[in-house]
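**Student:** I'd like to ask some things about the structure below.
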Amino acid sequence: MAKSKRFVSVHDVIQNWLKTRKPDCSFVGKTRDDYMKWRRAFKTRYRKCIGPWPKKAPVRLEVLKRENKGDYTREKVIFDTCPGVSVPAYILIPKDIKKGERRPGLLAAHGHGDGKDDICGITREQGDKEKIALIEQLNYEYAIDAVRQGYVVIAPDWAPFGERKLPEGWFFVDRDPCNITDIAWRYFGRPLINQNIWDGMRAVDVLAARKDVDPRRIGVIGLSYGGTMSTHMLINDPRIKVGVVSGYISTVRGDALTDRANGNTCGAQAVPHLLMHGDIPDMLGLAIPKPVLFEMGEKETCFWYSDMKKAYAHLRRIYKAAGCPDRMDKDVHPNDHMWSGEKAWGWLAKWI
């Protein structure tokens with residue numbers, strides 16, 4: 001009897017599991033009935049992965065600062081999401097809103113970096129040339145682009161970014177703050193992604209309650225980790241009607257944990273047990289029938305373009321089986337990891 005191969009290195013164990021441990025609920029159907037049956041099963045598994053939501057706390061919204069930015073107003077606000085957790089955010093309001101008018105609203109989700117400051121123009125105002133160069137490389141100030149398109153925009157800080165970052169000296173300098181924060185949250189019973197989704201839904205509470213926002217016309221946009229958060233917001237908040245997921249559609253199994261990507265994941269985006277049941281495009285299948293545009297760079301180095309194409313194709317099969325293939329599209333640009341925006345504003349305007 002042949003002996004089975006031994007795997008000692010943790011790396012080798014993971015690579016073997018990627019090859020041999022198949023998900024129990026990845027979509028394989030073709031019809032709407034197949035989709036509905038799969039959706040019920042996968043949604044149950046997804047919700048168990050995410051964990052129970054926190055207890056809701058009164059918002060206690062406070063406007064800390066209001067600034068005139070020429071063609072829009074920038075408000076800095078803070079609000080509570082659950083007992084013991086407060087979230088700072090910027091709200092960008094177009095100047096040309098007429099009395100009594102209600103505009104569509106957008107949740108602008110930032111990625112890794114300096115949080116909401118990066119996408120709302122504050123980092124540029126602070127004058128750090130290296131950070132400004134990175135923002136320009138990523139075409140990253142899409143919250144400003146959005147308000148100039150006429151949307152009322154809310155941009156919160158996710159944990160542990162921006163004003164919610166860990167204090168220096170509290171963790172070893174070679175440790176990833178995302179991982180440290182996720183571990184700390186798990187000690188209290190929930191993964192970090194759960195908290196950030198909840199905080200996003202409470203941000204939508206704030207946005208939808210505004211007299212200048214039409215609560216029936218709310219979307220979400222985001223690059224990189226902002227794409228992660230856009231994905232989960234589309235799945236979990238029924239008030240969000242449309243989204244643009246930039247630089248995120250991909251797979252954990254086919255890229256993030258492989259030798260190509262060198263473990264390209266972190267505690268802020270980890271969904272516990274996901275690979276036991278499916279992968280990122282399966283999660284996005286729970287957003288159906290919401291219209292979603294996916295931005296993908298042909299020269300991606302953060303993700304892998306060939307893997308992104310496979311993930312998009314898998315999701316397209318899900319949308320087709322569900323009967324709404326016209327509700328997903330792609331913007332493939334010839335660049336590295338960045339916000340394109342080439343199709344985004346037309347896509348959003350079409351649906352909200």
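Labels for the structure tokens follow display order: chains A, B, ..., residues from 1 in each chain, ligands from 1.
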Determine, using only C-alpha atoms, which residues of stretch 165-229 of chain A have any atom at most 10 Å from an atom of stretch 325-341 of chain A, and tabulate each with its shortest atom pair and distance in Å to one decimal place, rows ordered by chain and then rising number, as a Markdown table.
**Tutor:**
| residue | atom | partner | partner_atom | distance |
| --- | --- | --- | --- | --- |
| A:Ile221 | CA | A:Trp339 | CA | 9.9 |
| A:Gly222 | CA | A:Trp339 | CA | 8.1 |
| A:Leu223 | CA | A:Trp339 | CA | 6.0 |
| A:Ser224 | CA | A:His337 | CA | 7.9 |
**Student:** Identify, with DSSP run on backbone atoms, the residues in stretch 25-110 of chain A assigned to helix (DSSP H, G or I), and express the list as JSON, numbers by chain.
**Tutor:** {"A": [32, 33, 34, 35, 36, 37, 38, 39, 40, 41, 42, 43, 44, 45, 46, 47, 48, 49, 50]}
**Student:** With distances taken over only C-alpha atoms, which residue among A:Lys76, A:Lys310, A:Lys290, A:Arg32 lies nearest A:Asn236?
**Tutor:** A:Lys290
**Student:** Near A:Asp237, counting only C-alpha atoms, which residues have an atom at most 12 Å away, once you skip same-chain residues fewer than 4 positions from it, shown as number ranges by chain?
**Tutor:** A: 107, 197-205, 208, 218-220, 229-233, 241-243, 286-287, 290
**Student:** Since we have the selection now, will you write its residues out, keeping N, CA and C atoms, as a PDB file, in the first residue's frame?
**Tutor:**
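Final output, saved to result-v8.pdb:
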ATOM      1  N   LEU A 107     -22.095  55.547  -0.739  1.00  0.00           N
ATOM      2  CA  LEU A 107     -21.128  55.175   0.277  1.00  0.00           C
ATOM      3  C   LEU A 107     -19.806  54.951  -0.441  1.00  0.00           C
ATOM      4  N   ILE A 197     -18.654  45.785   8.222  1.00  0.00           N
ATOM      5  CA  ILE A 197     -19.925  45.742   7.494  1.00  0.00           C
ATOM      6  C   ILE A 197     -21.003  46.452   8.313  1.00  0.00           C
ATOM      7  N   TRP A 198     -21.053  46.159   9.600  1.00  0.00           N
ATOM      8  CA  TRP A 198     -22.041  46.797  10.466  1.00  0.00           C
ATOM      9  C   TRP A 198     -21.872  48.315  10.472  1.00  0.00           C
ATOM     10  N   ASP A 199     -20.626  48.762  10.579  1.00  0.00           N
ATOM     11  CA  ASP A 199     -20.362  50.204  10.568  1.00  0.00           C
ATOM     12  C   ASP A 199     -20.790  50.820   9.241  1.00  0.00           C
ATOM     13  N   GLY A 200     -20.598  50.073   8.150  1.00  0.00           N
ATOM     14  CA  GLY A 200     -21.044  50.552   6.845  1.00  0.00           C
ATOM     15  C   GLY A 200     -22.559  50.687   6.778  1.00  0.00           C
ATOM     16  N   MET A 201     -23.268  49.730   7.352  1.00  0.00           N
ATOM     17  CA  MET A 201     -24.727  49.807   7.351  1.00  0.00           C
ATOM     18  C   MET A 201     -25.223  50.969   8.207  1.00  0.00           C
ATOM     19  N   ARG A 202     -24.525  51.258   9.286  1.00  0.00           N
ATOM     20  CA  ARG A 202     -24.898  52.414  10.100  1.00  0.00           C
ATOM     21  C   ARG A 202     -24.562  53.729   9.391  1.00  0.00           C
ATOM     22  N   ALA A 203     -23.489  53.709   8.579  1.00  0.00           N
ATOM     23  CA  ALA A 203     -23.184  54.887   7.748  1.00  0.00           C
ATOM     24  C   ALA A 203     -24.303  55.132   6.751  1.00  0.00           C
ATOM     25  N   VAL A 204     -24.870  54.048   6.207  1.00  0.00           N
ATOM     26  CA  VAL A 204     -26.010  54.189   5.297  1.00  0.00           C
ATOM     27  C   VAL A 204     -27.224  54.730   6.052  1.00  0.00           C
ATOM     28  N   ASP A 205     -27.379  54.360   7.332  1.00  0.00           N
ATOM     29  CA  ASP A 205     -28.435  54.962   8.163  1.00  0.00           C
ATOM     30  C   ASP A 205     -28.305  56.483   8.176  1.00  0.00           C
ATOM     31  N   ALA A 208     -29.040  57.903   4.575  1.00  0.00           N
ATOM     32  CA  ALA A 208     -30.446  57.794   4.180  1.00  0.00           C
ATOM     33  C   ALA A 208     -31.349  58.731   4.972  1.00  0.00           C
ATOM     34  N   ILE A 218     -29.420  54.692  -3.460  1.00  0.00           N
ATOM     35  CA  ILE A 218     -28.130  54.671  -2.770  1.00  0.00           C
ATOM     36  C   ILE A 218     -27.247  53.602  -3.405  1.00  0.00           C
ATOM     37  N   GLY A 219     -25.982  53.960  -3.647  1.00  0.00           N
ATOM     38  CA  GLY A 219     -25.019  53.031  -4.215  1.00  0.00           C
ATOM     39  C   GLY A 219     -23.754  52.966  -3.381  1.00  0.00           C
ATOM     40  N   VAL A 220     -22.820  52.129  -3.814  1.00  0.00           N
ATOM     41  CA  VAL A 220     -21.547  51.985  -3.110  1.00  0.00           C
ATOM     42  C   VAL A 220     -20.435  51.827  -4.133  1.00  0.00           C
ATOM     43  N   MET A 229     -15.223  45.891   0.804  1.00  0.00           N
ATOM     44  CA  MET A 229     -16.343  46.430   1.570  1.00  0.00           C
ATOM     45  C   MET A 229     -17.553  46.688   0.681  1.00  0.00           C
ATOM     46  N   SER A 230     -17.329  47.110  -0.551  1.00  0.00           N
ATOM     47  CA  SER A 230     -18.452  47.283  -1.483  1.00  0.00           C
ATOM     48  C   SER A 230     -19.169  45.957  -1.702  1.00  0.00           C
ATOM     49  N   THR A 231     -18.403  44.880  -1.833  1.00  0.00           N
ATOM     50  CA  THR A 231     -18.977  43.547  -1.998  1.00  0.00           C
ATOM     51  C   THR A 231     -19.901  43.202  -0.838  1.00  0.00           C
ATOM     52  N   HIS A 232     -19.402  43.351   0.367  1.00  0.00           N
ATOM     53  CA  HIS A 232     -20.193  42.960   1.541  1.00  0.00           C
ATOM     54  C   HIS A 232     -21.367  43.905   1.797  1.00  0.00           C
ATOM     55  N   MET A 233     -21.203  45.159   1.436  1.00  0.00           N
ATOM     56  CA  MET A 233     -22.322  46.098   1.594  1.00  0.00           C
ATOM     57  C   MET A 233     -23.441  45.768   0.605  1.00  0.00           C
ATOM     58  N   LYS A 241     -28.519  49.879  -3.865  1.00  0.00           N
ATOM     59  CA  LYS A 241     -29.142  49.380  -5.090  1.00  0.00           C
ATOM     60  C   LYS A 241     -28.160  49.033  -6.191  1.00  0.00           C
ATOM     61  N   VAL A 242     -26.941  49.573  -6.145  1.00  0.00           N
ATOM     62  CA  VAL A 242     -25.993  49.401  -7.239  1.00  0.00           C
ATOM     63  C   VAL A 242     -24.584  49.600  -6.693  1.00  0.00           C
ATOM     64  N   GLY A 243     -23.592  49.008  -7.368  1.00  0.00           N
ATOM     65  CA  GLY A 243     -22.234  49.171  -6.884  1.00  0.00           C
ATOM     66  C   GLY A 243     -21.192  49.127  -7.988  1.00  0.00           C
ATOM     67  N   LEU A 286     -24.605  36.603  -4.079  1.00  0.00           N
ATOM     68  CA  LEU A 286     -25.661  36.961  -3.138  1.00  0.00           C
ATOM     69  C   LEU A 286     -26.132  38.399  -3.327  1.00  0.00           C
ATOM     70  N   ALA A 287     -25.403  39.189  -4.114  1.00  0.00           N
ATOM     71  CA  ALA A 287     -25.818  40.568  -4.391  1.00  0.00           C
ATOM     72  C   ALA A 287     -26.912  40.644  -5.450  1.00  0.00           C
ATOM     73  N   LYS A 290     -28.844  42.995  -7.810  1.00  0.00           N
ATOM     74  CA  LYS A 290     -28.286  44.341  -7.867  1.00  0.00           C
ATOM     75  C   LYS A 290     -27.277  44.462  -9.011  1.00  0.00           C
TER      76      LYS A 290
END
**Student:** Name the residues of stretch 262-328 of chain A that come out as strand (DSSP E or B) in a backbone DSSP run; write them as a ChimeraX atom specification.
**Tutor:** /A:292-297,328
**Student:** Mind pulling up the distance from atom CA of A:Trp351 to atom CA of A:Lys211?
**Tutor:** 21.1 Å
**Student:** Using only C-alpha atoms, determine which residues lie at most 10 Å from A:Ala321, disregarding the query and same-chain residues fewer than 4 positions distant; provide the list as a PyMOL selection string.
**Tutor:** chain A and resi 27-36+315-317+325
**Student:** Residues as selected, C-alpha atoms, written as a compact mmCIF listing (two decimals), in the first residue's frame, can you do that?
**Tutor:**
# COMPACT_ATOMS: atom_id res chain seq x y z
CA PHE A 27 -22.40 27.52 -7.64
CA VAL A 28 -22.63 24.88 -10.38
CA GLY A 29 -26.21 25.29 -11.67
CA LYS A 30 -27.70 26.69 -14.87
CA THR A 31 -31.33 27.60 -14.17
CA ARG A 32 -33.15 30.10 -11.98
CA ASP A 33 -34.38 27.23 -9.81
CA ASP A 34 -30.76 26.11 -9.42
CA TYR A 35 -29.83 29.65 -8.44
CA MET A 36 -32.60 30.06 -5.86
CA LEU A 315 -20.01 35.17 -11.33
CA ARG A 316 -21.39 35.75 -14.80
CA ARG A 317 -22.68 32.17 -14.83
CA PRO A 325 -26.93 38.88 -17.03
**Student:** Report as a PyMOL selection string all protein, DNA and RNA residues lying within 6 Å of stretch 169-178 of chain A, evaluated on only C-alpha atoms, omitting residues in the same chain fewer than 2 positions from it.
**Tutor:** chain A and resi 167+180-181+267-268
**Student:** Enter the distance from atom CA of A:Gln126 to atom CA of A:Gly150, in Å, rounded to one decimal.
**Tutor:**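 Pair atom CA of A:Gln126 / atom CA of A:Gly150 returns 25.5 Å.
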**Student:** To one decimal place in Å, what is the distance between atom CA of A:Ile93 and atom CA of A:Lys65?
**Tutor:**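 Going from atom CA of A:Ile93 over to atom CA of A:Lys65, I get 13.4 Å.
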